[in-house]
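Reading through the structure tokens given below for one structure.
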Amino acid sequence: MKTLIAYFSLSGVTKKEAERIQKLTGGDLFEIKGEKNYGSYIKAVAVGGKEIATKEMPKVTNHVEKFDSYDRILIGFPIWYGNCPRLIRSFVNEYNFAGKDVYVFCTSGASGSEKSEKTLKEICKGAKVHSAIRISKQDDDELKLWLEK
């Protein structure tokens, strides 16, 4: 099974977890980049909130080569306003997820992953979206169990 680990990280926390998952799965890492500079946490909160309010679809500036060759897609991001950043929606809209197994991993100080899981189930048309996980202090064995579900 060929695995892609696509992630968006503002502060580096989600990137660190994506790299940890990459070591467990041997999958290919892909950092989702947008044309906006979200800057500091405070600026990101303001810009992210505006994107949500206006339903803006921020532009993704890089693209996965040979996306169709992947069977399993892991998508990681920080939770913003209880959900995935709008940039994740833009990323998903660029590809055909039909027949893919999708795993969602989130980072957050407090918010759960439930709303993000629901959103990804809605936007990853035709994919099997597995239970999302908010990564905090899980050890590698717990992450392996999540990936086996």
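We label chains A, B, ... in the order they appear in the structure tokens, count residues from 1 in each chain, and number ligands from 1 in the order shown.
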What are the nearest atom pairs, with distances in Å to one decimal, for all residues of stretch 66-117 of chain A that come at most 7 Å from stretch 40-58 of chain A, using only C-alpha atoms, set out by chain and rising residue number as a Markdown table?
| residue | atom | partner | partner_atom | distance |
| --- | --- | --- | --- | --- |
| A:Pro85 | CA | A:Gly48 | CA | 6.9 |
| A:Arg86 | CA | A:Met57 | CA | 6.1 |
| A:Leu87 | CA | A:Pro58 | CA | 5.4 |
| A:Ser90 | CA | A:Met57 | CA | 5.7 |
Query - All residues 12 Å or closer to A:Leu147, only C-alpha atoms, same chain fewer than 3 positions away omitted, as a ChimeraX atom specification - result: /A:3,21-22,24-25,72-74,101-105,129-133,140-144
Query raised in the report: Between A:Gly82, A:Gly76, A:Gly99, A:Gly112, which is the closest to A:Cys124 once you count only C-alpha atoms?
Result: A:Gly99
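The interatomic distance for the pair atom CA of A:Lys2 and atom CA of A:Asn83 works out to 27.1 Å.
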Query raised in the report: Counting only C-alpha atoms, which of A:Arg89, A:Lys149, A:Lys118, A:Lys137 gets nearest to A:Glu17?
Result: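 Under the stated criterion, the closest residue is A:Lys137.
Proximity of A:Glu35, A:Glu122, A:Asp28, A:Glu148 to A:Val64, computed with only C-alpha atoms, is greatest for A:Asp28.
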Query - Residue contacts of A:Asn96 (10 Å, only C-alpha atoms) excluding same-chain residues fewer than 5 positions away, as a ChimeraX atom specification - result: /A:67-68,124-127
Output file for the selection above: all heavy atoms, as a PDB file, in the first residue's frame:
ATOM      1  N   PHE A  67      -0.499  11.704  -7.789  1.00  0.00           N
ATOM      2  CA  PHE A  67      -1.426  11.502  -6.682  1.00  0.00           C
ATOM      3  C   PHE A  67      -2.178  10.176  -6.827  1.00  0.00           C
ATOM      4  O   PHE A  67      -2.431   9.483  -5.844  1.00  0.00           O
ATOM      5  CB  PHE A  67      -2.418  12.672  -6.596  1.00  0.00           C
ATOM      6  CG  PHE A  67      -3.396  12.560  -5.460  1.00  0.00           C
ATOM      7  CD1 PHE A  67      -3.044  12.975  -4.186  1.00  0.00           C
ATOM      8  CD2 PHE A  67      -4.656  12.031  -5.672  1.00  0.00           C
ATOM      9  CE1 PHE A  67      -3.943  12.862  -3.127  1.00  0.00           C
ATOM     10  CE2 PHE A  67      -5.559  11.917  -4.617  1.00  0.00           C
ATOM     11  CZ  PHE A  67      -5.201  12.335  -3.352  1.00  0.00           C
ATOM     12  N   ASP A  68      -2.541   9.840  -8.059  1.00  0.00           N
ATOM     13  CA  ASP A  68      -3.323   8.618  -8.293  1.00  0.00           C
ATOM     14  C   ASP A  68      -2.596   7.353  -7.878  1.00  0.00           C
ATOM     15  O   ASP A  68      -3.222   6.316  -7.676  1.00  0.00           O
ATOM     16  CB  ASP A  68      -3.708   8.520  -9.775  1.00  0.00           C
ATOM     17  CG  ASP A  68      -4.722   9.576 -10.169  1.00  0.00           C
ATOM     18  OD1 ASP A  68      -5.392  10.139  -9.283  1.00  0.00           O
ATOM     19  OD2 ASP A  68      -4.845   9.844 -11.388  1.00  0.00           O
ATOM     20  N   CYS A 124     -13.933  14.709   0.868  1.00  0.00           N
ATOM     21  CA  CYS A 124     -13.143  13.662   0.206  1.00  0.00           C
ATOM     22  C   CYS A 124     -14.109  12.687  -0.476  1.00  0.00           C
ATOM     23  O   CYS A 124     -14.301  11.554  -0.029  1.00  0.00           O
ATOM     24  CB  CYS A 124     -12.248  12.928   1.201  1.00  0.00           C
ATOM     25  SG  CYS A 124     -10.908  13.917   1.856  1.00  0.00           S
ATOM     26  N   LYS A 125     -14.706  13.134  -1.535  1.00  0.00           N
ATOM     27  CA  LYS A 125     -15.756  12.380  -2.234  1.00  0.00           C
ATOM     28  C   LYS A 125     -15.255  11.002  -2.673  1.00  0.00           C
ATOM     29  O   LYS A 125     -14.213  10.876  -3.310  1.00  0.00           O
ATOM     30  CB  LYS A 125     -16.228  13.144  -3.464  1.00  0.00           C
ATOM     31  CG  LYS A 125     -16.662  14.573  -3.193  1.00  0.00           C
ATOM     32  CD  LYS A 125     -18.066  14.633  -2.691  1.00  0.00           C
ATOM     33  CE  LYS A 125     -18.565  16.071  -2.658  1.00  0.00           C
ATOM     34  NZ  LYS A 125     -18.959  16.532  -1.396  1.00  0.00           N
ATOM     35  N   GLY A 126     -16.013   9.982  -2.286  1.00  0.00           N
ATOM     36  CA  GLY A 126     -15.702   8.622  -2.708  1.00  0.00           C
ATOM     37  C   GLY A 126     -14.618   7.927  -1.921  1.00  0.00           C
ATOM     38  O   GLY A 126     -14.287   6.783  -2.197  1.00  0.00           O
ATOM     39  N   ALA A 127     -14.058   8.611  -0.930  1.00  0.00           N
ATOM     40  CA  ALA A 127     -12.988   8.014  -0.116  1.00  0.00           C
ATOM     41  C   ALA A 127     -13.578   7.361   1.128  1.00  0.00           C
ATOM     42  O   ALA A 127     -14.678   7.708   1.579  1.00  0.00           O
ATOM     43  CB  ALA A 127     -11.989   9.080   0.309  1.00  0.00           C
TER      44      ALA A 127
END
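Between A:Ser108 and the residues A:Asn62, A:Asn37, A:Ser9, A:Asn93, the shortest atom-to-atom distance, using only C-alpha atoms, involves A:Ser9.
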Query raised in the report: Just how far from atom CA of A:Gly12 is atom CA of A:Gly39, in Å to one decimal?
Result: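 Separating atom CA of A:Gly39 from atom CA of A:Gly12 is a distance of 12.3 Å.
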Query raised in the report: What does the distance from atom CA of A:Lys100 to atom CA of A:Asp139 come to in Å, to one decimal?
Result: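 So the answer is 25.9 Å.
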Query - Pick from A:Phe97, A:Thr61, A:Ile5, A:Gly109, whichever lies nearest to A:Ile135 using only C-alpha atoms - result: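 Of A:Phe97, A:Thr61, A:Ile5, A:Gly109, the one nearest A:Ile135 is A:Gly109, counting only C-alpha atoms.
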Requested in this report: DSSP on the backbone, then: every residue of stretch 65-125 of chain A marked alpha helix (DSSP H), written as JSON, numbers by chain.
Outcome: {"A": [86, 87, 88, 89, 90, 91, 92, 93, 114, 115, 116, 117, 118, 119, 120, 121, 122, 123]}
Could you write those residues out with N, CA, C and O atoms, as a PDB file, in the first residue's frame?
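To be explicit, this is the file written out as part-v2.pdb:
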ATOM      1  N   ARG A  86      -9.059  26.340   5.986  1.00  0.00           N
ATOM      2  CA  ARG A  86      -9.646  26.370   4.638  1.00  0.00           C
ATOM      3  C   ARG A  86      -8.639  25.910   3.581  1.00  0.00           C
ATOM      4  O   ARG A  86      -9.037  25.391   2.542  1.00  0.00           O
ATOM      5  N   LEU A  87      -7.361  26.069   3.837  1.00  0.00           N
ATOM      6  CA  LEU A  87      -6.333  25.610   2.905  1.00  0.00           C
ATOM      7  C   LEU A  87      -6.453  24.103   2.664  1.00  0.00           C
ATOM      8  O   LEU A  87      -6.178  23.619   1.557  1.00  0.00           O
ATOM      9  N   ILE A  88      -6.875  23.362   3.664  1.00  0.00           N
ATOM     10  CA  ILE A  88      -7.057  21.908   3.511  1.00  0.00           C
ATOM     11  C   ILE A  88      -8.172  21.630   2.509  1.00  0.00           C
ATOM     12  O   ILE A  88      -8.059  20.730   1.671  1.00  0.00           O
ATOM     13  N   ARG A  89      -9.244  22.388   2.574  1.00  0.00           N
ATOM     14  CA  ARG A  89     -10.328  22.235   1.588  1.00  0.00           C
ATOM     15  C   ARG A  89      -9.795  22.478   0.177  1.00  0.00           C
ATOM     16  O   ARG A  89     -10.123  21.738  -0.748  1.00  0.00           O
ATOM     17  N   SER A  90      -8.990  23.525   0.028  1.00  0.00           N
ATOM     18  CA  SER A  90      -8.415  23.826  -1.291  1.00  0.00           C
ATOM     19  C   SER A  90      -7.559  22.660  -1.779  1.00  0.00           C
ATOM     20  O   SER A  90      -7.635  22.271  -2.951  1.00  0.00           O
ATOM     21  N   PHE A  91      -6.744  22.114  -0.893  1.00  0.00           N
ATOM     22  CA  PHE A  91      -5.898  20.972  -1.244  1.00  0.00           C
ATOM     23  C   PHE A  91      -6.743  19.787  -1.698  1.00  0.00           C
ATOM     24  O   PHE A  91      -6.508  19.212  -2.768  1.00  0.00           O
ATOM     25  N   VAL A  92      -7.735  19.421  -0.920  1.00  0.00           N
ATOM     26  CA  VAL A  92      -8.577  18.263  -1.238  1.00  0.00           C
ATOM     27  C   VAL A  92      -9.288  18.453  -2.580  1.00  0.00           C
ATOM     28  O   VAL A  92      -9.404  17.517  -3.374  1.00  0.00           O
ATOM     29  N   ASN A  93      -9.749  19.668  -2.846  1.00  0.00           N
ATOM     30  CA  ASN A  93     -10.484  19.929  -4.091  1.00  0.00           C
ATOM     31  C   ASN A  93      -9.643  19.741  -5.353  1.00  0.00           C
ATOM     32  O   ASN A  93     -10.192  19.636  -6.445  1.00  0.00           O
ATOM     33  N   GLU A 114     -13.368  15.824  16.000  1.00  0.00           N
ATOM     34  CA  GLU A 114     -14.652  15.364  15.483  1.00  0.00           C
ATOM     35  C   GLU A 114     -15.155  16.196  14.310  1.00  0.00           C
ATOM     36  O   GLU A 114     -15.592  15.651  13.285  1.00  0.00           O
ATOM     37  N   LYS A 115     -15.117  17.514  14.433  1.00  0.00           N
ATOM     38  CA  LYS A 115     -15.617  18.380  13.370  1.00  0.00           C
ATOM     39  C   LYS A 115     -14.753  18.260  12.116  1.00  0.00           C
ATOM     40  O   LYS A 115     -15.266  18.240  10.993  1.00  0.00           O
ATOM     41  N   SER A 116     -13.455  18.141  12.303  1.00  0.00           N
ATOM     42  CA  SER A 116     -12.551  17.973  11.161  1.00  0.00           C
ATOM     43  C   SER A 116     -12.821  16.654  10.450  1.00  0.00           C
ATOM     44  O   SER A 116     -12.815  16.596   9.214  1.00  0.00           O
ATOM     45  N   GLU A 117     -13.053  15.602  11.207  1.00  0.00           N
ATOM     46  CA  GLU A 117     -13.363  14.301  10.608  1.00  0.00           C
ATOM     47  C   GLU A 117     -14.629  14.411   9.759  1.00  0.00           C
ATOM     48  O   GLU A 117     -14.667  13.941   8.617  1.00  0.00           O
ATOM     49  N   LYS A 118     -15.644  15.043  10.295  1.00  0.00           N
ATOM     50  CA  LYS A 118     -16.906  15.221   9.560  1.00  0.00           C
ATOM     51  C   LYS A 118     -16.670  16.019   8.271  1.00  0.00           C
ATOM     52  O   LYS A 118     -17.178  15.653   7.206  1.00  0.00           O
ATOM     53  N   THR A 119     -15.899  17.087   8.354  1.00  0.00           N
ATOM     54  CA  THR A 119     -15.610  17.908   7.180  1.00  0.00           C
ATOM     55  C   THR A 119     -14.889  17.095   6.115  1.00  0.00           C
ATOM     56  O   THR A 119     -15.249  17.144   4.936  1.00  0.00           O
ATOM     57  N   LEU A 120     -13.873  16.331   6.516  1.00  0.00           N
ATOM     58  CA  LEU A 120     -13.122  15.545   5.538  1.00  0.00           C
ATOM     59  C   LEU A 120     -13.993  14.463   4.915  1.00  0.00           C
ATOM     60  O   LEU A 120     -13.852  14.162   3.724  1.00  0.00           O
ATOM     61  N   LYS A 121     -14.922  13.897   5.675  1.00  0.00           N
ATOM     62  CA  LYS A 121     -15.842  12.913   5.100  1.00  0.00           C
ATOM     63  C   LYS A 121     -16.709  13.561   4.026  1.00  0.00           C
ATOM     64  O   LYS A 121     -17.041  12.921   3.031  1.00  0.00           O
ATOM     65  N   GLU A 122     -17.060  14.816   4.229  1.00  0.00           N
ATOM     66  CA  GLU A 122     -17.887  15.534   3.248  1.00  0.00           C
ATOM     67  C   GLU A 122     -17.102  15.897   1.994  1.00  0.00           C
ATOM     68  O   GLU A 122     -17.640  15.826   0.892  1.00  0.00           O
ATOM     69  N   ILE A 123     -15.860  16.294   2.135  1.00  0.00           N
ATOM     70  CA  ILE A 123     -15.126  16.838   0.981  1.00  0.00           C
ATOM     71  C   ILE A 123     -14.260  15.819   0.246  1.00  0.00           C
ATOM     72  O   ILE A 123     -13.911  16.051  -0.909  1.00  0.00           O
TER      73      ILE A 123
END
Report task. Pick out each residue of chain A that DSSP on the backbone tags as strand (DSSP E or B); I need them as a ChimeraX atom specification. Result -> /A:3-7,28-31,34,60,72-78,80,83,101-107,128-129,133-134
Would you mind exporting the chosen residues as a short mmCIF file (atom, residue, chain, number, x, y, z; two decimals), in the first residue's frame, restricted to N, CA, C and O atoms?
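The result, stored in again_21.cif:
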data_model
loop_
_atom_site.label_atom_id
_atom_site.label_comp_id
_atom_site.auth_asym_id
_atom_site.auth_seq_id
_atom_site.Cartn_x
_atom_site.Cartn_y
_atom_site.Cartn_z
N THR A 3 1.60 5.10 0.57
CA THR A 3 1.06 6.08 1.50
C THR A 3 1.63 7.47 1.25
O THR A 3 2.83 7.64 1.08
N LEU A 4 0.73 8.46 1.27
CA LEU A 4 1.10 9.87 1.20
C LEU A 4 0.71 10.52 2.52
O LEU A 4 -0.41 10.33 3.00
N ILE A 5 1.64 11.27 3.11
CA ILE A 5 1.36 12.03 4.32
C ILE A 5 1.43 13.50 3.93
O ILE A 5 2.51 14.07 3.77
N ALA A 6 0.26 14.10 3.74
CA ALA A 6 0.16 15.51 3.34
C ALA A 6 -0.20 16.31 4.58
O ALA A 6 -1.13 15.95 5.30
N TYR A 7 0.53 17.39 4.82
CA TYR A 7 0.28 18.16 6.04
C TYR A 7 0.47 19.64 5.80
O TYR A 7 1.22 20.07 4.94
N ASP A 28 5.36 8.79 1.89
CA ASP A 28 5.98 9.99 1.33
C ASP A 28 5.41 11.22 2.00
O ASP A 28 4.19 11.35 2.14
N LEU A 29 6.28 12.15 2.40
CA LEU A 29 5.86 13.40 3.03
C LEU A 29 5.61 14.47 1.97
O LEU A 29 6.36 14.58 1.00
N PHE A 30 4.55 15.25 2.19
CA PHE A 30 4.24 16.38 1.31
C PHE A 30 3.71 17.52 2.17
O PHE A 30 2.69 17.36 2.85
N GLU A 31 4.41 18.64 2.18
CA GLU A 31 3.96 19.80 2.94
C GLU A 31 3.05 20.64 2.05
O GLU A 31 3.44 21.10 0.98
N GLY A 34 0.53 27.24 0.98
CA GLY A 34 -0.40 28.20 0.39
C GLY A 34 0.31 29.48 0.04
O GLY A 34 1.43 29.73 0.50
N VAL A 60 -3.46 26.87 -3.05
CA VAL A 60 -2.35 25.96 -2.76
C VAL A 60 -1.30 26.19 -3.84
O VAL A 60 -1.63 26.22 -5.03
N ARG A 72 -3.34 5.20 0.22
CA ARG A 72 -3.67 5.72 1.56
C ARG A 72 -3.13 7.14 1.67
O ARG A 72 -1.95 7.37 1.43
N ILE A 73 -4.02 8.05 2.05
CA ILE A 73 -3.66 9.46 2.19
C ILE A 73 -3.89 9.87 3.65
O ILE A 73 -4.99 9.74 4.16
N LEU A 74 -2.84 10.34 4.28
CA LEU A 74 -2.94 10.87 5.64
C LEU A 74 -2.86 12.38 5.53
O LEU A 74 -1.93 12.90 4.89
N ILE A 75 -3.84 13.07 6.08
CA ILE A 75 -3.90 14.53 5.98
C ILE A 75 -3.81 15.11 7.39
O ILE A 75 -4.63 14.79 8.25
N GLY A 76 -2.81 15.96 7.61
CA GLY A 76 -2.58 16.55 8.92
C GLY A 76 -2.61 18.06 8.89
O GLY A 76 -2.21 18.68 7.90
N PHE A 77 -3.08 18.64 9.99
CA PHE A 77 -3.20 20.09 10.09
C PHE A 77 -3.47 20.50 11.52
O PHE A 77 -3.97 19.70 12.32
N PRO A 78 -3.21 21.77 11.84
CA PRO A 78 -3.65 22.29 13.14
C PRO A 78 -5.15 22.60 13.06
O PRO A 78 -5.66 22.95 11.98
N TRP A 80 -8.16 24.89 13.46
CA TRP A 80 -8.46 26.32 13.54
C TRP A 80 -9.97 26.48 13.70
O TRP A 80 -10.73 25.95 12.90
N ASN A 83 -12.01 23.32 13.45
CA ASN A 83 -12.10 22.56 12.21
C ASN A 83 -10.77 22.65 11.45
O ASN A 83 -9.82 23.27 11.93
N ASP A 101 -8.12 5.44 0.92
CA ASP A 101 -8.28 5.39 2.37
C ASP A 101 -7.67 6.67 2.92
O ASP A 101 -6.50 6.96 2.66
N VAL A 102 -8.47 7.44 3.66
CA VAL A 102 -8.02 8.73 4.18
C VAL A 102 -8.00 8.68 5.70
O VAL A 102 -8.97 8.27 6.33
N TYR A 103 -6.88 9.11 6.26
CA TYR A 103 -6.72 9.21 7.71
C TYR A 103 -6.41 10.67 8.04
O TYR A 103 -5.57 11.28 7.40
N VAL A 104 -7.10 11.19 9.02
CA VAL A 104 -6.96 12.59 9.39
C VAL A 104 -6.28 12.68 10.75
O VAL A 104 -6.73 12.05 11.71
N PHE A 105 -5.19 13.46 10.81
CA PHE A 105 -4.56 13.71 12.10
C PHE A 105 -4.46 15.21 12.31
O PHE A 105 -4.16 15.97 11.39
N CYS A 106 -4.79 15.62 13.52
CA CYS A 106 -4.85 17.05 13.85
C CYS A 106 -3.99 17.33 15.06
O CYS A 106 -3.74 16.46 15.88
N THR A 107 -3.56 18.58 15.15
CA THR A 107 -2.88 19.04 16.35
C THR A 107 -3.65 20.22 16.90
O THR A 107 -4.17 21.04 16.15
N LYS A 128 -12.84 6.44 1.69
CA LYS A 128 -13.18 5.90 3.00
C LYS A 128 -12.36 6.71 4.00
O LYS A 128 -11.14 6.55 4.09
N VAL A 129 -13.03 7.57 4.75
CA VAL A 129 -12.36 8.41 5.74
C VAL A 129 -12.45 7.71 7.09
O VAL A 129 -13.55 7.50 7.62
N ILE A 133 -7.81 11.57 14.45
CA ILE A 133 -7.13 11.56 15.74
C ILE A 133 -6.51 12.93 15.99
O ILE A 133 -5.97 13.55 15.08
N ARG A 134 -6.68 13.40 17.21
CA ARG A 134 -5.97 14.61 17.63
C ARG A 134 -4.72 14.12 18.33
O ARG A 134 -4.79 13.48 19.39
#
